[in-house]
Every structure is written in C-alpha cells, then in structure tokens.
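This is upload-v1.txt (compact mmCIF, C-alpha atoms).
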# COMPACT_ATOMS: atom_id res chain seq x y z
CA MET A 72 64.29 -43.95 -53.02
CA ASP A 73 61.16 -42.55 -51.37
CA LEU A 74 60.54 -40.54 -54.52
CA LEU A 75 60.82 -43.70 -56.62
CA HIS A 76 58.38 -45.56 -54.33
CA SER A 77 55.94 -42.65 -54.51
CA SER A 78 56.23 -42.58 -58.29
CA ILE A 79 55.55 -46.33 -58.47
CA ILE A 80 52.46 -46.01 -56.26
CA LEU A 81 51.13 -43.15 -58.39
CA LEU A 82 51.91 -45.19 -61.50
CA ILE A 83 49.94 -48.19 -60.22
CA LEU A 84 46.98 -45.99 -59.33
CA SER A 85 47.05 -44.34 -62.73
CA ILE A 86 47.16 -47.70 -64.52
CA LEU A 87 44.36 -49.22 -62.49
CA SER A 88 42.18 -46.12 -62.88
CA PRO A 89 40.48 -45.24 -66.19
CA ALA A 90 42.95 -43.14 -68.20
CA THR A 91 41.17 -43.09 -71.52
CA LEU A 92 41.21 -39.71 -73.27
CA SER A 93 37.62 -39.19 -74.40
CA MET A 94 36.11 -35.83 -75.23
CA ARG A 95 33.56 -33.88 -77.26
CA TYR A 96 34.50 -30.39 -78.42
CA GLU A 97 33.50 -27.72 -80.93
CA LEU A 98 35.60 -26.82 -83.96
CA LEU A 99 34.98 -23.88 -86.29
CA SER A 100 35.41 -24.20 -90.07
CA GLY A 101 38.98 -23.50 -91.16
CA HIS A 102 40.39 -24.06 -87.67
CA THR A 103 42.58 -26.79 -86.18
CA LYS A 104 42.79 -28.39 -82.74
CA CYS A 105 45.73 -30.58 -81.71
CA ILE A 106 45.75 -33.04 -78.82
CA SER A 107 48.88 -34.68 -77.40
CA GLU A 108 49.20 -37.95 -75.51
CA GLU A 109 52.37 -39.27 -73.86
CA ILE A 110 52.95 -42.84 -75.01
CA HIS A 111 55.81 -45.11 -73.97
CA ALA A 112 57.88 -47.06 -76.47
CA ASN A 113 56.33 -50.35 -77.69
CA ALA A 114 52.92 -49.39 -76.27
CA MET A 115 49.79 -49.87 -78.37
CA SER A 116 47.53 -46.89 -78.99
CA VAL A 117 44.17 -46.66 -80.78
CA GLY A 118 41.85 -43.77 -81.47
CA LYS A 119 38.60 -42.97 -83.20
CA TYR A 120 36.92 -39.74 -84.20
CA SER A 121 33.61 -38.65 -85.70
CA ILE A 122 31.56 -35.56 -86.42
CA VAL A 123 28.31 -35.32 -84.48
CA ASN A 124 25.34 -35.07 -86.85
CA PRO A 125 23.77 -31.60 -86.36
CA ASN A 126 20.40 -33.04 -87.35
CA GLY A 127 20.46 -35.24 -84.28
CA ASP A 128 19.66 -38.27 -86.41
CA ASP A 129 22.27 -40.61 -87.89
CA ASP A 130 19.84 -41.51 -90.68
CA HIS A 131 20.29 -38.06 -92.21
CA PRO A 132 23.54 -37.49 -94.14
CA LEU A 133 25.99 -34.90 -92.88
CA PRO A 134 26.12 -31.54 -94.68
CA ASP A 135 28.97 -30.99 -97.15
CA SER A 136 30.47 -28.47 -94.74
CA HIS A 137 31.01 -31.19 -92.12
CA LYS A 138 34.34 -32.63 -93.21
CA ILE A 139 37.63 -32.85 -91.33
CA THR A 140 41.30 -33.59 -91.96
CA VAL A 141 43.16 -35.71 -89.40
CA ARG A 142 46.90 -36.13 -88.83
CA VAL A 143 48.62 -38.32 -86.21
CA THR A 144 52.37 -37.80 -85.77
CA SER A 145 55.17 -39.04 -83.51
CA PRO A 146 57.43 -36.83 -81.34
CA GLN A 147 59.89 -36.73 -84.26
CA GLY A 148 57.18 -35.79 -86.78
CA THR A 149 56.70 -39.21 -88.37
CA SER A 150 53.17 -39.55 -89.76
CA TYR A 151 51.16 -42.52 -88.45
CA HIS A 152 47.74 -41.60 -89.82
CA GLU A 153 46.38 -39.21 -92.44
CA ALA A 154 42.79 -38.70 -93.53
CA ASP A 155 41.44 -35.88 -95.71
CA GLY A 156 37.84 -34.78 -96.12
CA VAL A 157 36.32 -37.43 -93.86
CA SER A 158 33.51 -37.37 -91.32
CA ASN A 159 34.78 -40.22 -89.12
CA GLY A 160 37.59 -42.72 -88.84
CA GLN A 161 40.00 -44.53 -86.57
CA PHE A 162 43.71 -45.17 -86.22
CA SER A 163 46.08 -47.50 -84.40
CA LEU A 164 49.82 -47.42 -83.82
CA THR A 165 52.61 -49.03 -81.85
CA ALA A 166 54.97 -46.41 -80.46
CA VAL A 167 58.61 -46.84 -81.47
CA GLU A 168 59.78 -44.11 -79.08
CA THR A 169 58.64 -42.54 -75.83
CA GLY A 170 57.17 -39.06 -76.07
CA ASP A 171 54.17 -36.91 -76.88
CA TYR A 172 52.22 -38.17 -79.89
CA ILE A 173 49.99 -35.54 -81.48
CA THR A 174 46.62 -35.80 -83.21
CA CYS A 175 45.56 -32.70 -85.15
CA ILE A 176 41.99 -32.38 -86.44
CA SER A 177 41.21 -29.59 -88.92
CA ALA A 178 37.75 -28.56 -90.09
CA VAL A 179 37.63 -27.85 -93.83
CA ASP A 180 37.28 -24.19 -94.77
CA HIS A 181 33.68 -23.27 -95.53
CA LYS A 182 31.72 -20.06 -96.11
CA PRO A 183 29.75 -19.17 -94.13
CA GLU A 184 31.65 -20.53 -91.15
CA THR A 185 30.15 -23.62 -89.57
CA MET A 186 30.59 -24.96 -86.06
CA LEU A 187 31.37 -28.70 -85.96
CA VAL A 188 31.08 -30.92 -82.90
CA ILE A 189 33.78 -33.60 -82.74
CA ASP A 190 33.72 -36.82 -80.72
CA PHE A 191 37.27 -38.03 -80.02
CA ASP A 192 38.44 -41.12 -78.13
CA TRP A 193 42.12 -42.05 -77.61
CA ARG A 194 43.35 -45.06 -75.63
CA SER A 195 46.89 -46.23 -74.88
CA GLY A 196 48.50 -49.22 -73.17
CA ILE A 197 46.17 -51.72 -71.54
CA HIS A 198 43.24 -49.35 -72.12
CA THR A 199 43.36 -50.22 -75.82
CA LYS A 200 41.85 -53.62 -75.05
CA GLU A 201 38.09 -53.71 -74.94
CA TRP A 202 37.85 -56.30 -72.20
CA SER A 203 34.11 -55.77 -71.86
CA ASN A 204 33.69 -57.19 -75.38
CA VAL A 205 35.78 -60.23 -74.51
CA ALA A 206 34.11 -61.29 -71.29
CA LYS A 207 31.81 -64.31 -71.45
CA LYS A 208 28.96 -65.46 -69.26
CA SER A 209 30.53 -68.75 -68.24
CA GLN A 210 32.08 -68.74 -64.77
CA VAL A 211 35.27 -70.38 -66.03
CA GLU A 212 35.54 -67.92 -68.89
CA MET A 213 34.95 -65.04 -66.47
CA MET A 214 37.83 -66.28 -64.31
CA GLU A 215 40.03 -66.56 -67.38
CA PHE A 216 39.03 -63.05 -68.37
CA GLU A 217 39.96 -61.66 -64.93
CA VAL A 218 43.32 -63.47 -64.99
CA LYS A 219 44.14 -62.07 -68.42
CA LYS A 220 43.11 -58.60 -67.32
CA LEU A 221 45.28 -58.86 -64.19
CA PHE A 222 48.20 -60.25 -66.21
CA ASP A 223 48.06 -57.31 -68.61
CA THR A 224 47.92 -54.87 -65.70
CA VAL A 225 50.94 -56.49 -64.01
CA THR A 226 52.87 -56.51 -67.29
CA SER A 227 52.14 -52.85 -67.83
CA ILE A 228 53.22 -52.00 -64.26
CA HIS A 229 56.40 -54.04 -64.77
CA ASP A 230 57.26 -52.15 -67.96
CA GLU A 231 56.52 -48.80 -66.36
CA MET A 232 58.72 -49.64 -63.36
CA PHE A 233 61.64 -50.41 -65.65
CA TYR A 234 60.95 -47.15 -67.47
CA LEU A 235 61.01 -45.23 -64.15
CA ARG A 236 64.22 -46.98 -63.11
CA ASP A 237 65.88 -46.02 -66.39
CA ARG A 238 64.73 -42.43 -65.95
CA GLU A 239 66.11 -42.39 -62.39
CA GLU A 240 69.48 -43.69 -63.62
CA GLU A 241 69.53 -41.00 -66.30
CA MET A 242 68.82 -38.32 -63.68
CA GLN A 243 71.54 -39.69 -61.38
CA GLU A 244 74.03 -39.72 -64.25
CA LEU A 245 73.05 -36.14 -65.11
CA ASN A 246 73.55 -35.10 -61.47
CA ARG A 247 76.97 -36.76 -61.32
CA SER A 248 77.98 -35.08 -64.55
CA THR A 249 76.77 -31.71 -63.30
CA TYR A 250 78.62 -32.07 -59.99
CA ALA A 251 81.82 -33.05 -61.82
CA LYS A 252 81.58 -30.03 -64.12
CA MET A 253 80.91 -27.74 -61.16
CA ALA A 254 83.96 -29.17 -59.36
CA TRP A 255 86.20 -28.57 -62.37
CA LEU A 256 84.79 -25.07 -62.76
CA SER A 257 85.48 -24.34 -59.09
CA LEU A 258 89.08 -25.58 -59.44
CA LEU A 259 89.54 -23.53 -62.59
CA SER A 260 88.16 -20.42 -60.87
CA LEU A 261 90.48 -21.01 -57.89
CA GLY A 262 93.44 -21.42 -60.24
CA VAL A 263 92.60 -18.20 -62.06
CA CYS A 264 92.25 -16.32 -58.76
CA LEU A 265 95.60 -17.64 -57.48
CA SER A 266 97.27 -16.77 -60.79
CA VAL A 267 95.93 -13.22 -60.71
CA ALA A 268 96.98 -12.81 -57.08
CA GLY A 269 100.48 -14.10 -57.93
CA LEU A 270 100.81 -11.71 -60.85
CA GLN A 271 99.67 -8.80 -58.70
CA PHE A 272 102.19 -9.76 -55.98
CA TRP A 273 105.01 -10.04 -58.53
CA HIS A 274 104.06 -6.71 -60.10
CA LEU A 275 103.99 -4.91 -56.73
CA LYS A 276 107.28 -6.50 -55.65
CA THR A 277 108.95 -5.41 -58.91
CA PHE A 278 107.49 -1.92 -58.55
CA PHE A 279 108.76 -1.48 -54.98
CA GLN A 280 112.21 -2.86 -55.92
CA LYS A 281 112.50 -0.31 -58.72
CA LYS A 282 111.52 2.45 -56.29
CA LYS A 283 114.05 0.99 -53.84
CA LEU A 284 111.41 0.77 -51.19
CA ILE A 285 112.35 -2.80 -50.36

Would you write the structure of this file as structure tokens?
Amino acid sequence: MDLLHSSIILLILSILSPATLSMRYELLSGHTKCISEEIHANAMSVGKYSIVNPNGDDDHPLPDSHKITVRVTSPQGTSYHEADGVSNGQFSLTAVETGDYITCISAVDHKPETMLVIDFDWRSGIHTKEWSNVAKKSQVEMMEFEVKKLFDTVTSIHDEMFYLRDREEEMQELNRSTYAKMAWLSLLSLGVCLSVAGLQFWHLKTFFQKKKLI
C-alpha cells in the first residue's frame, strides 16, 4: 500500500509539473531518428515538427535538401500519421491502447550529405491544452479558467489512479498465480522424490531377499 501511495504522489507531481516533450536535434541526410512517448488509453496527444531554416531567416525558402518523412505509430504498429517530403507539420491522436507510441522522422537522402536541425514538440494528456491561449483578462474569466484547469488536472489524476489500481491488481494476480504454480511444482518435486525413494527401497529389498540376506 505504501508503494501505491508513493506512486500516486509521484504521479500527481508529474502531472502538475511540465511534462511536455520538446527538443531540437540534428539529423543527417538519409538517417532516421525515432522518439517514443508512453500514452495511456483514451488520452489525447498532439505534436508538431519543423525544419529550422539554415539561412536564419524564415523569409528565405528552405533548400531542396531540407525535406523529411514523418511516421507516427501505435504500440501495435497502427499508423496515425504519415507525411512524405515535408518541411513541417503537425499531428493529433487519441490513444486506443496504453503503451509506447513512436514518432520516426527521416531526412531524405541527399548528396552531398546535409545536416538538418529539427524542432519537435510532443504533448500528451492535459498538456495538449494550450491554456495560455484560452485565458482572458477579465477577473471572472480568469477564475473560470483556473477552475477548468484544476478540473482537468483532477480528472487526469483520477484516471491515472484507476490505471495504477488496475496495474496493482494485475501484479497481485500475477503473484498469486506464480505462488500457486510454485506450490504445485514443489508438490510434484516432492512426489517424484518419494516415488524414486520408494522404488530404490523396493529394489534393494528385492535384491537382499534374492541374496537371502534378509
């Protein structure tokens, strides 16, 4: 139970803290980088990606070498998003199962090789909601905004607690099953040992009777 309470506390801290996956990384032409994110069933997830302009100015078009292919798949391999030969884009999905969802970004093959810089942002759960864009200046609207934000946080914690409880029940059932199998294996081993000992006793008794030693 202490483990469950500790898990719930860590869960609350992780939900209340910023958990958005945001990064900038380099990708060489012809290479692929995959990023995984654990998403719970029925949770919303959104992401966006773009190639950083090497000219340092968005007014200049990107070179032809700066194109990427993007794939987003579920733990079972179901495709949620596909984009070929693009420089930027976004995706959104609602998870139908709990597990690691994978986003793979591939830089198109180009000679000579070119180094691309990728901006990638991936949000899941309550972090998918851009609350900063919803907030208003009015005091009443600000209060409403805070209540909605708190409600979403509580709902997310509630769902995660049920998820942890289900996982704990699964682990307990697995432990009970393992203990039962070990008990049967122990009884079987004991039965085999007793059978072998009985056969050895019978064999020795028969041997000594034939030799008329007993």

Hey, could you make a per-residue contact list for region 93-151 of chain A against region 187-196 of chain A with 8 Å as the cut-off, showing the nearest pair of atoms and its distance in Å to one decimal, counting only C-alpha atoms, sorted by chain and number, as a Markdown table?
| residue | atom | partner | partner_atom | distance |
| --- | --- | --- | --- | --- |
| A:Ser93 | CA | A:Asp192 | CA | 4.3 |
| A:Met94 | CA | A:Phe191 | CA | 5.4 |
| A:Arg95 | CA | A:Asp190 | CA | 4.5 |
| A:Tyr96 | CA | A:Ile189 | CA | 5.4 |
| A:Glu97 | CA | A:Val188 | CA | 4.5 |
| A:Leu98 | CA | A:Leu187 | CA | 5.0 |
| A:Leu99 | CA | A:Leu187 | CA | 6.0 |
| A:Ser100 | CA | A:Leu187 | CA | 7.3 |
| A:Ile110 | CA | A:Ser195 | CA | 6.9 |
| A:Ala114 | CA | A:Gly196 | CA | 5.4 |
| A:Met115 | CA | A:Gly196 | CA | 5.4 |
| A:Ser116 | CA | A:Ser195 | CA | 4.2 |
| A:Val117 | CA | A:Arg194 | CA | 5.5 |
| A:Gly118 | CA | A:Trp193 | CA | 4.2 |
| A:Lys119 | CA | A:Asp192 | CA | 5.4 |
| A:Tyr120 | CA | A:Phe191 | CA | 4.5 |
| A:Ser121 | CA | A:Asp190 | CA | 5.3 |
| A:Ile122 | CA | A:Ile189 | CA | 4.7 |
| A:Val123 | CA | A:Val188 | CA | 5.4 |
| A:His137 | CA | A:Leu187 | CA | 6.7 |

Hey, could you make a per-residue contact list for region 112-141 of chain A against region 170-178 of chain A with 7 Å as the cut-off, showing the nearest pair of atoms and its distance in Å to one decimal, counting only C-alpha atoms, sorted by chain and number, as a tab-separated table?
residue	atom	partner	partner_atom	distance
A:Lys138	CA	A:Ala178	CA	6.2
A:Ile139	CA	A:Ala178	CA	4.5
A:Thr140	CA	A:Ser177	CA	5.0
A:Val141	CA	A:Ile176	CA	4.6

Could you work out how far CA of Ser136 (chain A) lies from CA of Glu184 (chain A), giving the answer in Å with one decimal?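 Pair CA of Glu184 (chain A) / CA of Ser136 (chain A) returns 8.8 Å.
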
Please measure the separation of CA of Ser163 (chain A) and CA of Ser227 (chain A), giving the value in Å to one decimal.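 That distance, rounded to one decimal, is 18.4 Å.
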
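Between CA of Glu241 (chain A) and CA of Val225 (chain A) the separation is 24.3 Å.
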
Please determine, counting only C-alpha atoms, which residue among A:Leu261, A:Ile106, A:Val157, A:Ala112 has the shortest atom-to-atom distance to Leu133 (chain A).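 Result for the nearest residue to Leu133 (chain A): A:Val157.
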
How about completing region 158-173 of chain A with N, CA, C and O atoms and giving it to me as a PDB file, keeping the file's coordinate frame?
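So the final result, stored in rebuild30.pdb, reads:
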ATOM      1  N   SER A 158      34.411 -37.725 -92.415  1.00  0.00           N
ATOM      2  CA  SER A 158      33.510 -37.370 -91.320  1.00  0.00           C
ATOM      3  C   SER A 158      33.758 -38.229 -90.088  1.00  0.00           C
ATOM      4  O   SER A 158      33.332 -37.871 -88.987  1.00  0.00           O
ATOM      5  N   ASN A 159      34.443 -39.356 -90.252  1.00  0.00           N
ATOM      6  CA  ASN A 159      34.780 -40.220 -89.120  1.00  0.00           C
ATOM      7  C   ASN A 159      35.926 -41.144 -89.532  1.00  0.00           C
ATOM      8  O   ASN A 159      36.247 -41.274 -90.722  1.00  0.00           O
ATOM      9  N   GLY A 160      36.502 -41.789 -88.558  1.00  0.00           N
ATOM     10  CA  GLY A 160      37.590 -42.720 -88.840  1.00  0.00           C
ATOM     11  C   GLY A 160      38.238 -43.202 -87.564  1.00  0.00           C
ATOM     12  O   GLY A 160      37.814 -42.861 -86.450  1.00  0.00           O
ATOM     13  N   GLN A 161      39.274 -44.001 -87.722  1.00  0.00           N
ATOM     14  CA  GLN A 161      40.000 -44.530 -86.570  1.00  0.00           C
ATOM     15  C   GLN A 161      41.450 -44.786 -86.966  1.00  0.00           C
ATOM     16  O   GLN A 161      41.781 -44.865 -88.153  1.00  0.00           O
ATOM     17  N   PHE A 162      42.294 -44.916 -85.972  1.00  0.00           N
ATOM     18  CA  PHE A 162      43.710 -45.170 -86.220  1.00  0.00           C
ATOM     19  C   PHE A 162      44.268 -46.050 -85.109  1.00  0.00           C
ATOM     20  O   PHE A 162      43.691 -46.151 -84.019  1.00  0.00           O
ATOM     21  N   SER A 163      45.374 -46.697 -85.400  1.00  0.00           N
ATOM     22  CA  SER A 163      46.080 -47.500 -84.400  1.00  0.00           C
ATOM     23  C   SER A 163      47.569 -47.424 -84.689  1.00  0.00           C
ATOM     24  O   SER A 163      47.985 -47.285 -85.845  1.00  0.00           O
ATOM     25  N   LEU A 164      48.369 -47.492 -83.651  1.00  0.00           N
ATOM     26  CA  LEU A 164      49.820 -47.420 -83.820  1.00  0.00           C
ATOM     27  C   LEU A 164      50.510 -48.108 -82.656  1.00  0.00           C
ATOM     28  O   LEU A 164      49.942 -48.259 -81.579  1.00  0.00           O
ATOM     29  N   THR A 165      51.735 -48.524 -82.902  1.00  0.00           N
ATOM     30  CA  THR A 165      52.610 -49.030 -81.850  1.00  0.00           C
ATOM     31  C   THR A 165      53.791 -48.082 -81.763  1.00  0.00           C
ATOM     32  O   THR A 165      54.539 -47.921 -82.726  1.00  0.00           O
ATOM     33  N   ALA A 166      53.940 -47.436 -80.621  1.00  0.00           N
ATOM     34  CA  ALA A 166      54.970 -46.410 -80.460  1.00  0.00           C
ATOM     35  C   ALA A 166      56.366 -47.013 -80.559  1.00  0.00           C
ATOM     36  O   ALA A 166      56.654 -48.032 -79.943  1.00  0.00           O
ATOM     37  N   VAL A 167      57.217 -46.389 -81.346  1.00  0.00           N
ATOM     38  CA  VAL A 167      58.610 -46.840 -81.470  1.00  0.00           C
ATOM     39  C   VAL A 167      59.531 -46.028 -80.567  1.00  0.00           C
ATOM     40  O   VAL A 167      60.701 -46.374 -80.406  1.00  0.00           O
ATOM     41  N   GLU A 168      58.990 -44.949 -79.980  1.00  0.00           N
ATOM     42  CA  GLU A 168      59.780 -44.110 -79.080  1.00  0.00           C
ATOM     43  C   GLU A 168      58.855 -43.506 -78.034  1.00  0.00           C
ATOM     44  O   GLU A 168      57.653 -43.359 -78.252  1.00  0.00           O
ATOM     45  N   THR A 169      59.409 -43.168 -76.900  1.00  0.00           N
ATOM     46  CA  THR A 169      58.640 -42.540 -75.830  1.00  0.00           C
ATOM     47  C   THR A 169      58.535 -41.042 -76.062  1.00  0.00           C
ATOM     48  O   THR A 169      59.527 -40.398 -76.412  1.00  0.00           O
ATOM     49  N   GLY A 170      57.343 -40.494 -75.886  1.00  0.00           N
ATOM     50  CA  GLY A 170      57.170 -39.060 -76.070  1.00  0.00           C
ATOM     51  C   GLY A 170      55.728 -38.684 -76.308  1.00  0.00           C
ATOM     52  O   GLY A 170      54.820 -39.516 -76.165  1.00  0.00           O
ATOM     53  N   ASP A 171      55.520 -37.423 -76.645  1.00  0.00           N
ATOM     54  CA  ASP A 171      54.170 -36.910 -76.880  1.00  0.00           C
ATOM     55  C   ASP A 171      53.780 -37.125 -78.345  1.00  0.00           C
ATOM     56  O   ASP A 171      54.384 -36.524 -79.253  1.00  0.00           O
ATOM     57  N   TYR A 172      52.787 -37.959 -78.564  1.00  0.00           N
ATOM     58  CA  TYR A 172      52.220 -38.170 -79.890  1.00  0.00           C
ATOM     59  C   TYR A 172      51.054 -37.198 -80.067  1.00  0.00           C
ATOM     60  O   TYR A 172      50.291 -36.950 -79.132  1.00  0.00           O
ATOM     61  N   ILE A 173      50.935 -36.632 -81.253  1.00  0.00           N
ATOM     62  CA  ILE A 173      49.990 -35.540 -81.480  1.00  0.00           C
ATOM     63  C   ILE A 173      48.975 -35.905 -82.548  1.00  0.00           C
ATOM     64  O   ILE A 173      49.336 -36.420 -83.609  1.00  0.00           O
TER      65      ILE A 173
END
